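Asker: Input file: final_6.txt. Contents: compact mmCIF, C-alpha atoms.
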```
# COMPACT_ATOMS: atom_id res chain seq x y z
CA MET A 1 24.87 -13.07 4.27
CA GLU A 2 24.25 -13.76 7.92
CA PHE A 3 25.21 -11.36 10.70
CA GLN A 4 27.82 -13.76 12.06
CA GLU A 5 29.73 -13.64 8.76
CA CYS A 6 29.58 -9.84 8.61
CA PHE A 7 30.82 -9.14 12.10
CA PRO A 8 34.58 -9.81 12.38
CA LEU A 9 34.50 -9.80 16.17
CA TRP A 10 32.04 -12.73 16.30
CA THR A 11 34.57 -15.57 16.47
CA LYS A 12 36.46 -13.86 19.29
CA LEU A 13 33.42 -13.74 21.59
CA THR A 14 32.48 -16.40 24.13
CA PRO A 15 29.37 -18.53 23.44
CA SER A 16 27.57 -16.64 26.20
CA GLN A 17 28.44 -13.25 24.64
CA GLN A 18 27.37 -14.53 21.22
CA ASN A 19 24.10 -15.66 22.75
CA THR A 20 23.51 -12.25 24.35
CA ILE A 21 24.00 -10.54 20.98
CA ASP A 22 21.81 -13.08 19.16
CA LYS A 23 18.93 -12.39 21.52
CA SER A 24 19.13 -8.59 21.28
CA LEU A 25 20.15 -8.08 17.64
CA ILE A 26 17.88 -5.76 15.65
CA CYS A 27 17.58 -5.89 11.88
CA ARG A 28 16.42 -2.72 10.12
CA SER A 29 15.94 -1.20 6.69
CA VAL A 30 15.93 2.50 5.87
CA LYS A 31 15.18 4.39 2.69
CA LYS A 32 17.65 6.74 1.02
CA GLY A 33 17.56 10.11 2.75
CA GLU A 34 16.45 8.87 6.17
CA THR A 35 18.42 9.96 9.25
CA ILE A 36 19.65 7.05 11.37
CA HIS A 37 21.36 8.99 14.11
CA SER A 38 21.71 12.61 15.14
CA GLY A 39 23.14 14.51 18.08
CA GLY A 40 19.79 14.94 19.76
CA MET A 41 18.49 11.43 19.18
CA ASP A 42 18.88 8.34 21.31
CA CYS A 43 22.08 6.34 21.39
CA THR A 44 21.17 3.64 18.89
CA GLY A 45 23.95 1.10 19.19
CA LEU A 46 26.72 -0.46 17.16
CA ILE A 47 25.61 -0.68 13.53
CA VAL A 48 26.80 -3.30 11.03
CA ILE A 49 25.83 -2.48 7.44
CA LYS A 50 24.53 -5.43 5.44
CA SER A 51 24.11 -3.49 2.19
CA GLY A 52 23.72 0.17 1.29
CA GLN A 53 25.49 3.39 2.14
CA PHE A 54 25.61 5.81 5.07
CA ARG A 55 27.05 9.28 5.28
CA ALA A 56 28.28 10.82 8.54
CA TYR A 57 28.41 14.59 8.71
CA ILE A 58 28.67 17.52 11.10
CA LEU A 59 26.37 20.49 11.08
CA SER A 60 27.12 24.13 11.91
CA ASP A 61 24.76 26.38 13.89
CA GLU A 62 23.66 27.92 10.60
CA GLY A 63 22.86 24.52 9.10
CA ARG A 64 25.95 24.13 6.89
CA GLU A 65 27.14 20.54 6.57
CA VAL A 66 30.41 18.80 5.94
CA THR A 67 30.69 15.09 5.20
CA ILE A 68 33.23 13.46 7.48
CA TYR A 69 33.09 9.89 6.19
CA ARG A 70 30.99 7.30 4.44
CA LEU A 71 30.16 3.72 5.35
CA PHE A 72 29.57 0.89 2.90
CA ASP A 73 28.65 -2.82 2.92
CA LEU A 74 30.03 -4.61 6.00
CA ASP A 75 31.32 -1.39 7.57
CA ILE A 76 30.80 -0.84 11.27
CA CYS A 77 29.36 2.38 12.64
CA LEU A 78 30.61 3.11 16.13
CA LEU A 79 29.54 6.72 16.59
CA SER A 80 25.88 5.71 16.50
CA ALA A 81 26.73 4.23 19.90
CA SER A 82 28.76 7.19 21.15
CA CYS A 83 27.06 7.08 24.56
CA MET A 84 29.08 3.91 25.26
CA ILE A 85 32.30 5.89 25.45
CA ARG A 86 32.19 8.74 27.93
CA SER A 87 34.92 10.82 26.30
CA ILE A 88 33.20 11.16 22.91
CA GLN A 89 32.11 14.78 23.15
CA PHE A 90 30.87 15.65 19.70
CA ASP A 91 27.74 15.20 17.67
CA ILE A 92 27.49 13.76 14.22
CA THR A 93 24.50 13.01 12.04
CA ILE A 94 24.25 9.80 10.04
CA GLU A 95 21.92 9.50 7.09
CA ALA A 96 21.31 6.85 4.45
CA GLU A 97 22.66 7.82 1.02
CA LYS A 98 21.14 4.68 -0.49
CA ASP A 99 18.44 2.27 0.66
CA THR A 100 20.27 0.41 3.41
CA ARG A 101 19.81 -2.79 5.42
CA PHE A 102 21.70 -3.06 8.67
CA TRP A 103 21.93 -4.75 12.06
CA ILE A 104 22.06 -2.96 15.40
CA ILE A 105 23.66 -4.31 18.54
CA PRO A 106 21.96 -2.19 21.21
CA ALA A 107 24.40 0.17 22.94
CA GLU A 108 23.86 -1.21 26.46
CA ILE A 109 24.49 -4.78 25.25
CA TYR A 110 27.68 -3.91 23.39
CA LYS A 111 28.92 -1.75 26.28
CA GLN A 112 28.41 -4.60 28.72
CA ILE A 113 30.39 -7.00 26.49
CA MET A 114 33.14 -4.46 25.91
CA GLU A 115 33.62 -4.00 29.65
CA THR A 116 34.72 -7.59 30.16
CA SER A 117 36.05 -8.64 26.76
CA ALA A 118 39.51 -7.42 25.75
CA PRO A 119 38.96 -8.52 22.11
CA ALA A 120 35.72 -6.46 21.94
CA ALA A 121 37.38 -3.41 23.51
CA ASN A 122 40.37 -3.68 21.16
CA TYR A 123 38.06 -4.14 18.19
CA THR A 124 36.24 -0.94 19.21
CA ASN A 125 39.63 0.76 19.45
CA GLU A 126 40.45 -0.18 15.87
CA ILE A 127 37.13 1.12 14.55
CA MET A 128 37.52 4.41 16.41
CA ALA A 129 41.11 4.77 15.19
CA ALA A 130 39.94 4.22 11.60
CA ARG A 131 37.31 6.97 11.88
CA PHE A 132 39.76 9.24 13.70
CA SER A 133 42.21 8.73 10.81
CA GLU A 134 39.54 9.66 8.26
CA VAL A 135 38.78 12.85 10.16
CA MET A 136 42.50 13.71 10.36
CA TRP A 137 42.80 13.17 6.61
CA LEU A 138 39.81 15.46 6.06
CA MET A 139 41.27 18.10 8.35
CA GLU A 140 44.52 18.08 6.41
CA GLN A 141 42.50 18.49 3.21
CA ILE A 142 40.64 21.45 4.67
CA MET A 143 43.76 23.06 6.12
CA TRP A 144 46.20 22.59 3.32
CA LYS A 145 44.36 21.79 0.09
CA SER A 146 42.80 24.41 -2.09
CA MET A 147 39.17 23.99 -3.16
CA ASP A 148 40.05 22.80 -6.70
CA LYS A 149 41.83 19.79 -5.23
CA ARG A 150 39.03 19.07 -2.77
CA ILE A 151 36.37 19.18 -5.51
CA ALA A 152 38.54 17.01 -7.79
CA ALA A 153 39.04 14.48 -4.97
CA PHE A 154 35.30 14.48 -4.24
CA LEU A 155 34.38 13.85 -7.90
CA LEU A 156 36.91 11.02 -8.15
CA GLU A 157 35.55 9.43 -4.98
CA GLU A 158 32.00 9.68 -6.33
CA THR A 159 32.82 8.03 -9.66
CA SER A 160 34.47 5.23 -7.76
CA ILE A 161 31.56 4.79 -5.28
CA GLU A 162 28.88 4.99 -7.96
CA GLY A 163 30.80 2.97 -10.54
CA THR A 164 29.96 5.49 -13.26
CA ASN A 165 31.32 8.76 -14.64
CA ASP A 166 27.79 10.24 -14.91
CA LEU A 167 27.21 11.64 -11.46
CA LYS A 168 23.68 12.62 -10.50
CA ILE A 169 24.55 15.43 -8.12
CA THR A 170 23.81 19.14 -7.92
CA HIS A 171 26.32 21.92 -7.28
CA GLU A 172 24.48 22.53 -4.02
CA GLY A 173 24.98 18.87 -3.14
CA ILE A 174 28.74 19.04 -3.69
CA ALA A 175 28.96 22.28 -1.69
CA CYS A 176 27.10 20.56 1.11
CA HIS A 177 29.54 17.64 1.27
CA LEU A 178 32.52 19.97 1.36
CA GLY A 179 31.07 22.55 3.73
CA THR A 180 31.41 25.41 1.26
CA HIS A 181 29.07 27.66 -0.77
CA ARG A 182 27.31 26.67 -4.00
CA GLU A 183 28.85 29.61 -5.88
CA VAL A 184 32.37 28.37 -5.12
CA VAL A 185 31.52 24.93 -6.51
CA THR A 186 29.75 26.30 -9.61
CA ARG A 187 32.74 28.50 -10.47
CA MET A 188 35.15 25.58 -10.13
CA LEU A 189 32.96 23.17 -12.14
CA HIS A 190 32.74 25.69 -14.98
CA TYR A 191 36.50 26.00 -14.92
CA PHE A 192 36.82 22.19 -15.04
CA GLN A 193 34.35 22.13 -17.96
CA LYS A 194 36.43 24.66 -19.91
CA GLU A 195 39.49 22.49 -19.26
CA GLY A 196 37.66 19.53 -20.86
CA ILE A 197 37.59 17.57 -17.62
CA LEU A 198 33.81 17.27 -17.37
CA ARG A 199 30.48 18.19 -18.96
CA LEU A 200 27.70 19.86 -16.99
CA ALA A 201 23.97 19.31 -17.46
CA ARG A 202 20.99 19.83 -15.15
CA GLY A 203 21.61 17.72 -12.06
CA VAL A 204 24.41 15.78 -13.77
CA VAL A 205 28.18 16.06 -13.75
CA GLU A 206 29.73 13.86 -16.42
CA VAL A 207 33.41 13.30 -15.79
CA THR A 208 35.17 12.93 -19.14
CA ASP A 209 38.86 13.06 -18.19
CA ILE A 210 39.71 11.04 -15.08
CA PRO A 211 43.52 11.30 -15.56
CA LYS A 212 43.33 15.12 -15.62
CA LEU A 213 41.19 15.07 -12.48
CA ASN A 214 43.76 12.81 -10.86
CA ALA A 215 46.50 15.21 -11.87
CA ILE A 216 44.74 18.16 -10.20
CA CYS A 217 44.22 16.09 -7.09
CA ASP A 218 47.88 15.11 -6.82
CA SER A 219 49.42 18.40 -7.93
CA MET B 1 54.22 12.11 42.85
CA GLU B 2 54.89 8.51 41.98
CA PHE B 3 53.93 6.94 38.67
CA GLN B 4 51.33 4.70 40.31
CA GLU B 5 49.40 7.74 41.55
CA CYS B 6 49.52 9.44 38.15
CA PHE B 7 48.30 6.53 36.08
CA PRO B 8 44.54 5.96 36.60
CA LEU B 9 44.64 2.50 35.05
CA TRP B 10 47.12 1.22 37.66
CA THR B 11 44.62 -0.10 40.21
CA LYS B 12 42.74 -2.02 37.49
CA LEU B 13 45.77 -4.04 36.44
CA THR B 14 46.77 -7.45 37.81
CA PRO B 15 49.90 -7.66 40.03
CA SER B 16 51.68 -9.39 37.16
CA GLN B 17 50.78 -6.59 34.72
CA GLN B 18 51.85 -3.98 37.27
CA ASN B 19 55.12 -5.82 37.67
CA THR B 20 55.71 -5.88 33.89
CA ILE B 21 55.18 -2.10 33.72
CA ASP B 22 57.38 -1.46 36.77
CA LYS B 23 60.26 -3.32 35.15
CA SER B 24 60.04 -1.54 31.80
CA LEU B 25 59.00 1.99 32.82
CA ILE B 26 61.23 4.77 31.51
CA CYS B 27 61.51 8.16 33.17
CA ARG B 28 62.63 11.07 30.97
CA SER B 29 63.07 14.83 30.98
CA VAL B 30 63.05 17.09 27.94
CA LYS B 31 63.77 20.77 27.51
CA LYS B 32 61.27 23.25 26.06
CA GLY B 33 61.35 23.02 22.28
CA GLU B 34 62.48 19.40 22.00
CA THR B 35 60.53 17.03 19.77
CA ILE B 36 59.34 13.89 21.57
CA HIS B 37 57.63 12.17 18.68
CA SER B 38 57.26 12.70 14.97
CA GLY B 39 55.84 10.76 12.04
CA GLY B 40 59.20 9.43 10.97
CA MET B 41 60.51 8.54 14.39
CA ASP B 42 60.16 5.31 16.34
CA CYS B 43 56.97 4.41 18.14
CA THR B 44 57.89 5.63 21.61
CA GLY B 45 55.13 4.29 23.82
CA LEU B 46 52.36 5.48 26.10
CA ILE B 47 53.44 8.70 27.77
CA VAL B 48 52.27 9.91 31.17
CA ILE B 49 53.21 13.53 31.89
CA LYS B 50 54.52 14.19 35.40
CA SER B 51 54.91 17.94 34.93
CA GLY B 52 55.25 20.25 31.97
CA GLN B 53 53.46 20.80 28.69
CA PHE B 54 53.34 19.09 25.29
CA ARG B 55 51.88 20.30 22.03
CA ALA B 56 50.65 17.93 19.30
CA TYR B 57 50.52 19.31 15.78
CA ILE B 58 50.24 18.32 12.17
CA LEU B 59 52.52 19.55 9.43
CA SER B 60 51.75 20.28 5.79
CA ASP B 61 54.10 19.40 2.92
CA GLU B 62 55.16 23.04 2.85
CA GLY B 63 55.99 23.06 6.55
CA ARG B 64 52.89 24.87 7.83
CA GLU B 65 51.73 23.70 11.23
CA VAL B 66 48.46 23.54 13.09
CA THR B 67 48.20 22.70 16.78
CA ILE B 68 45.69 19.94 17.36
CA TYR B 69 45.85 19.65 21.13
CA ARG B 70 47.95 20.23 24.22
CA LEU B 71 48.80 17.94 27.08
CA PHE B 72 49.40 19.03 30.67
CA ASP B 73 50.36 17.51 34.04
CA LEU B 74 49.01 13.96 34.43
CA ASP B 75 47.71 13.82 30.86
CA ILE B 76 48.24 10.66 28.86
CA CYS B 77 49.68 10.74 25.35
CA LEU B 78 48.43 7.84 23.26
CA LEU B 79 49.49 8.91 19.78
CA SER B 80 53.15 8.59 20.72
CA ALA B 81 52.33 4.88 20.68
CA SER B 82 50.29 4.91 17.50
CA CYS B 83 52.01 1.78 16.18
CA MET B 84 50.02 -0.17 18.80
CA ILE B 85 46.79 0.44 16.94
CA ARG B 86 46.87 -0.66 13.33
CA SER B 87 44.11 1.66 12.13
CA ILE B 88 45.82 4.89 13.17
CA GLN B 89 46.87 6.17 9.77
CA PHE B 90 48.10 9.69 10.38
CA ASP B 91 51.23 11.38 11.60
CA ILE B 92 51.47 13.95 14.31
CA THR B 93 54.44 15.65 15.87
CA ILE B 94 54.71 16.17 19.61
CA GLU B 95 57.01 18.78 21.09
CA ALA B 96 57.62 20.12 24.58
CA GLU B 97 56.25 23.64 25.10
CA LYS B 98 57.77 23.74 28.57
CA ASP B 99 60.51 21.73 30.28
CA THR B 100 58.71 18.45 30.87
CA ARG B 101 59.20 15.31 32.96
CA PHE B 102 57.35 12.20 31.92
CA TRP B 103 57.15 8.44 32.06
CA ILE B 104 57.03 6.10 29.07
CA ILE B 105 55.47 2.65 29.03
CA PRO B 106 57.17 1.11 25.99
CA ALA B 107 54.71 0.47 23.14
CA GLU B 108 55.27 -3.30 22.97
CA ILE B 109 54.67 -3.66 26.73
CA TYR B 110 51.46 -1.64 26.70
CA LYS B 111 50.22 -3.39 23.58
CA GLN B 112 50.75 -6.79 25.17
CA ILE B 113 48.79 -5.76 28.29
CA MET B 114 46.02 -4.20 26.21
CA GLU B 115 45.54 -7.43 24.26
CA THR B 116 44.49 -9.38 27.34
CA SER B 117 43.15 -6.70 29.69
CA ALA B 118 39.66 -5.32 29.01
CA PRO B 119 40.21 -2.43 31.49
CA ALA B 120 43.42 -1.42 29.66
CA ALA B 121 41.75 -1.62 26.24
CA ASN B 122 38.76 0.41 27.46
CA TYR B 123 41.05 2.95 29.08
CA THR B 124 42.85 3.32 25.74
CA ASN B 125 39.45 3.80 24.10
CA GLU B 126 38.61 6.66 26.42
CA ILE B 127 41.92 8.42 25.76
CA MET B 128 41.51 8.06 22.00
CA ALA B 129 37.91 9.30 22.19
CA ALA B 130 39.06 12.36 24.15
CA ARG B 131 41.67 13.25 21.51
CA PHE B 132 39.22 12.50 18.71
CA SER B 133 36.76 14.90 20.36
CA GLU B 134 39.40 17.63 20.53
CA VAL B 135 40.14 17.19 16.84
CA MET B 136 36.42 17.34 15.99
CA TRP B 137 36.12 20.54 18.02
CA LEU B 138 39.07 22.00 16.13
CA MET B 139 37.62 20.97 12.79
CA GLU B 140 34.35 22.70 13.62
CA GLN B 141 36.35 25.80 14.52
CA ILE B 142 38.20 25.70 11.22
CA MET B 143 35.07 25.00 9.17
CA TRP B 144 32.61 27.35 10.76
CA LYS B 145 34.46 29.99 12.77
CA SER B 146 35.97 33.07 11.25
CA MET B 147 39.60 33.89 12.04
CA ASP B 148 38.70 36.66 14.56
CA LYS B 149 36.95 34.08 16.74
CA ARG B 150 39.77 31.55 16.39
CA ILE B 151 42.40 34.13 17.40
CA ALA B 152 40.23 35.32 20.30
CA ALA B 153 39.77 31.70 21.47
CA PHE B 154 43.51 31.06 21.17
CA LEU B 155 44.42 34.17 23.22
CA LEU B 156 41.88 33.23 25.92
CA GLU B 157 43.29 29.70 26.08
CA GLU B 158 46.82 31.05 26.38
CA THR B 159 45.98 33.45 29.24
CA SER B 160 44.38 30.53 31.04
CA ILE B 161 47.30 28.12 30.43
CA GLU B 162 49.96 30.68 31.31
CA GLY B 163 48.04 32.22 34.21
CA THR B 164 48.84 35.74 33.00
CA ASN B 165 47.45 38.30 30.57
CA ASP B 166 50.96 39.18 29.33
CA LEU B 167 51.57 36.60 26.65
CA LYS B 168 55.11 36.14 25.36
CA ILE B 169 54.22 35.11 21.84
CA THR B 170 54.94 36.44 18.36
CA HIS B 171 52.42 36.95 15.56
CA GLU B 172 54.29 34.23 13.69
CA GLY B 173 53.82 31.91 16.68
CA ILE B 174 50.06 32.48 16.76
CA ALA B 175 49.82 31.96 12.99
CA CYS B 176 51.71 28.72 13.42
CA HIS B 177 49.30 27.38 16.04
CA LEU B 178 46.30 28.20 13.88
CA GLY B 179 47.75 27.09 10.55
CA THR B 180 47.37 30.51 8.94
CA HIS B 181 49.68 33.28 7.71
CA ARG B 182 51.42 35.87 9.90
CA GLU B 183 49.85 38.75 7.97
CA VAL B 184 46.35 37.54 8.82
CA VAL B 185 47.21 37.41 12.52
CA THR B 186 48.93 40.81 12.52
CA ARG B 187 45.94 42.46 10.86
CA MET B 188 43.54 40.96 13.40
CA LEU B 189 45.74 41.84 16.40
CA HIS B 190 45.93 45.46 15.26
CA TYR B 191 42.16 45.49 14.95
CA PHE B 192 41.87 44.06 18.49
CA GLN B 193 44.32 46.73 19.71
CA LYS B 194 42.21 49.50 18.20
CA GLU B 195 39.17 48.02 19.94
CA GLY B 196 41.02 48.29 23.26
CA ILE B 197 41.10 44.55 23.76
CA LEU B 198 44.88 44.22 23.93
CA ARG B 199 48.19 46.07 23.72
CA LEU B 200 50.97 44.98 21.39
CA ALA B 201 54.70 45.21 22.06
CA ARG B 202 57.69 43.35 20.65
CA GLY B 203 57.11 39.66 21.30
CA VAL B 204 54.32 40.39 23.80
CA VAL B 205 50.54 40.48 23.53
CA GLU B 206 49.00 42.01 26.65
CA VAL B 207 45.32 41.17 26.90
CA THR B 208 43.53 44.08 28.60
CA ASP B 209 39.87 43.23 28.13
CA ILE B 210 39.04 39.55 28.71
CA PRO B 211 35.24 40.05 28.66
CA LYS B 212 35.40 41.67 25.21
CA LEU B 213 37.56 38.80 23.96
CA ASN B 214 35.03 36.35 25.38
CA ALA B 215 32.25 38.22 23.62
CA ILE B 216 34.00 37.92 20.23
CA CYS B 217 34.56 34.25 20.87
CA ASP B 218 30.90 33.57 21.67
CA SER B 219 29.34 35.92 19.10
```
Will you turn the file into structure tokens for me?

Answerer:
Amino acid sequence: MEFQECFPLWTKLTPSQQNTIDKSLICRSVKKGETIHSGGMDCTGLIVIKSGQFRAYILSDEGREVTIYRLFDLDICLLSASCMIRSIQFDITIEAEKDTRFWIIPAEIYKQIMETSAPAANYTNEIMAARFSEVMWLMEQIMWKSMDKRIAAFLLEETSIEGTNDLKITHEGIACHLGTHREVVTRMLHYFQKEGILRLARGVVEVTDIPKLNAICDS
Amino acid sequence: MEFQECFPLWTKLTPSQQNTIDKSLICRSVKKGETIHSGGMDCTGLIVIKSGQFRAYILSDEGREVTIYRLFDLDICLLSASCMIRSIQFDITIEAEKDTRFWIIPAEIYKQIMETSAPAANYTNEIMAARFSEVMWLMEQIMWKSMDKRIAAFLLEETSIEGTNDLKITHEGIACHLGTHREVVTRMLHYFQKEGILRLARGVVEVTDIPKLNAICDS
């Protein structure tokens, strides 16, 4: 697929704006595990994912992480261009969870277009609102949901993303996504195993009862 | 102060847009404790606070609250017009913490202006980014900070907002702001009292050692 087909704003731009983007567009590939953006790094720009998977997370002073959202094929990453919007006052890190190909519209180019184009500014609004909503959802999870529900929700999300019930993930990895300790996750996974919801092996969580997991999640 | 002086976007609008706002602008007063906006209510519009204080909070299924931000004189409230932006997928409640006077630009009027005006759309972006940043800050607090630091930070914020060290607030009230239980707050306040940081009386928390409270907050 070409960039123009992947970028919903394209048809709402003037020929001159389209031309500016065409001339400055960067195409990149990263390997799984690479960091694309972090608080201390440069302001990359607006990212459009061609194929692959990104994870955005925050980091505590002690190095604990919590995943705040994920981005998939054709998703737009705005916070990699957070310098464009003065009032964004927080740092996130974005890393590739799979080998990923993506386009970058450099921040200064997108900013310049956004300043004069109402469609571009409104499009940016919608992307920010979508991320804001994901963070609000996560906050409600953290505030009101107990850890069993959060782990159940995470496992369900993973089976859906990966398209398989055999999840290659460590207890440490799950703890990392949820911003908790490995011991908490291990205890809960063993409880789930006893309930017949999953089977544990080294580096693998095999979900065997999706409906039960759903029931925990919704209870 | 007149509306035009309180609304930073004003000078960037066309005379026709200014005229549209002038004709539809609503001026309202609410008493302390009144709810201005809630998930189930109509989409009010963009609110500009003339004087007073609002609190925005989320509510769990069981009725527990957590304050997500406050708005003061001249602040703009965007989420009271969340219907304007399709991707906003969460509900907040906004209530007056003090008697408050404010203006409303009806949602459909502001939306219509935002669709054609890049300055209006970018202004909206900045407001949303500011609220998003406050929520991210809060999430980091919840994830990484222990309750002693969160209570210390809350008390410091209150002394600064109220301009006094004698805070008229109950333990239940503090718990409510922080989304925790009264018992947790009471235990911590008694600990702070023993440390000589504050004095407790019925419905009053008198902060006596601001530097010590700051030290807990930053530790």

Asker: Would you write out, as a tab-separated table, a table of all residues in chain A that have an atom no more than 9 Å from an atom of chain B, listing for each the closest atom pair and the distance in Å to one decimal, considering all atoms listed in the file and ordering rows by chain and rising residue number?

Answerer:
```
residue	atom	partner	partner_atom	distance
A:Ile58	CA	B:Glu140	CA	8.1
A:Leu59	CA	B:Glu140	CA	8.7
A:Ser60	CA	B:Trp144	CA	6.5
A:Asp61	CA	B:Trp144	CA	8.5
A:Glu62	CA	B:Trp144	CA	9.0
A:Arg64	CA	B:Trp144	CA	8.3
A:Val66	CA	B:Met143	CA	8.4
A:Ile85	CA	B:Glu126	CA	6.4
A:Arg86	CA	B:Glu126	CA	6.9
A:Ser87	CA	B:Ala130	CA	4.9
A:Ile88	CA	B:Ala129	CA	5.1
A:Gln89	CA	B:Ser133	CA	5.4
A:Phe90	CA	B:Ser133	CA	6.0
A:Met114	CA	B:Ala118	CA	7.3
A:Glu115	CA	B:Ala118	CA	6.2
A:Thr116	CA	B:Ala118	CA	5.6
A:Ser117	CA	B:Ala118	CA	5.4
A:Ala118	CA	B:Ala118	CA	3.9
A:Pro119	CA	B:Glu115	CA	7.0
A:Ala120	CA	B:Ala118	CA	8.2
A:Ala121	CA	B:Ala121	CA	5.5
A:Asn122	CA	B:Ala121	CA	5.7
A:Thr124	CA	B:Asn125	CA	7.5
A:Asn125	CA	B:Asn125	CA	5.6
A:Glu126	CA	B:Ser87	CA	5.5
A:Ile127	CA	B:Ser87	CA	7.4
A:Met128	CA	B:Ala129	CA	7.6
A:Ala129	CA	B:Ile88	CA	5.1
A:Ala130	CA	B:Ser87	CA	4.9
A:Arg131	CA	B:Ser87	CA	8.6
A:Phe132	CA	B:Phe132	CA	6.0
A:Ser133	CA	B:Gln89	CA	5.4
A:Glu134	CA	B:Gln89	CA	8.3
A:Val135	CA	B:Met136	CA	7.7
A:Met136	CA	B:Phe90	CA	6.9
A:Trp137	CA	B:Phe90	CA	7.4
A:Leu138	CA	B:Met139	CA	9.0
A:Met139	CA	B:Met139	CA	6.4
A:Glu140	CA	B:Ser60	CA	7.6
A:Ile142	CA	B:Met143	CA	8.0
A:Met143	CA	B:Gly179	CA	7.2
A:Trp144	CA	B:Ser60	CA	6.5
A:Gly179	CA	B:Met143	CA	7.2
A:Thr180	CA	B:Met143	CA	8.7
```

Asker: Hey, which of B:Phe3, B:Tyr69, B:Phe192, B:Trp103 ends up closest to His177 (chain B)? Count all atoms listed in the file.

Answerer: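 Among the listed residues, the smallest separation from His177 (chain B) belongs to B:Tyr69.
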
Asker: Can you measure CA of Ile109 (chain A) to CA of Ile76 (chain B) for me? One decimal in Å is fine.

Answerer: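 Result for CA of Ile109 (chain A) versus CA of Ile76 (chain B): 28.6 Å, one decimal.
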
Asker: For Ile21 (chain A), which residue out of A:Thr164, A:Gln112, A:Ser219, A:Thr208 is the nearest one, using only C-alpha atoms?

Answerer: A:Gln112

Asker: Just want the 10 Å neighbourhood of Asp218 (chain B), counted on all atoms listed in the file, with same-chain residues fewer than 5 positions away dropped. Output as a ChimeraX atom specification.

Answerer: /B:149,152-153,212-213

Asker: Report the distance between CA of Ile49 (chain A) and CA of Leu74 (chain A) in Å, rounded to one decimal place.

Answerer: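 Separating CA of Ile49 (chain A) from CA of Leu74 (chain A) is a distance of 4.9 Å.
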
Asker: Check the smallest atom-to-atom distance from each of A:Val184, A:Ile169, A:Ile47, A:Ile161 to Arg101 (chain A) using only C-alpha atoms, then report the winner.

Answerer: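 Smallest distance to Arg101 (chain A) is found for A:Ile47.
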
Asker: One number please: CA of Ile197 (chain B) to CA of Phe72 (chain B), in Å, one decimal.

Answerer: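 Interatomic distance, CA of Ile197 (chain B) to CA of Phe72 (chain B): 27.7 Å.
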
Asker: As a tab-separated table (two decimals) with C-alpha atoms, in the frame of the given file, please: the residues near region 23-27 of chain B (cut-off 6 Å, all atoms listed in the file, same-chain neighbours under 5 positions excluded).

Answerer:
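Okay, this is what ended up in out-v7.tsv:
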```tsv
chain	number	residue	atom	x	y	z
B	102	PHE	CA	57.35	12.20	31.92
B	103	TRP	CA	57.15	8.44	32.06
B	104	ILE	CA	57.03	6.10	29.07
B	105	ILE	CA	55.47	2.65	29.03
```

Asker: Mind listing whatever residues come within 9 Å of the point (47.5, 42.8, 17.6)? Use all atoms listed in the file, file coordinates, and give them as a compact mmCIF listing (two decimals) with C-alpha atoms, keeping the file's coordinate frame.

Answerer:
```txt
# COMPACT_ATOMS: atom_id res chain seq x y z
CA HIS B 171 52.42 36.95 15.56
CA VAL B 185 47.21 37.41 12.52
CA THR B 186 48.93 40.81 12.52
CA ARG B 187 45.94 42.46 10.86
CA MET B 188 43.54 40.96 13.40
CA LEU B 189 45.74 41.84 16.40
CA HIS B 190 45.93 45.46 15.26
CA TYR B 191 42.16 45.49 14.95
CA PHE B 192 41.87 44.06 18.49
CA GLN B 193 44.32 46.73 19.71
CA LYS B 194 42.21 49.50 18.20
CA LEU B 198 44.88 44.22 23.93
CA ARG B 199 48.19 46.07 23.72
CA LEU B 200 50.97 44.98 21.39
CA ALA B 201 54.70 45.21 22.06
CA VAL B 205 50.54 40.48 23.53
```

Asker: With distances taken over only C-alpha atoms, which of B:Asn165, B:Gln17, B:Thr170, B:Thr100 is nearest to Lys32 (chain B)?

Answerer: B:Thr100

Asker: Select, from A:Glu2, A:Asp148, A:Asp166, A:Glu34, the residue with the minimum atom-to-atom distance to Gln53 (chain A), counting all atoms listed in the file.

Answerer: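 Of A:Glu2, A:Asp148, A:Asp166, A:Glu34, the one nearest Gln53 (chain A) is A:Glu34, counting all atoms listed in the file.
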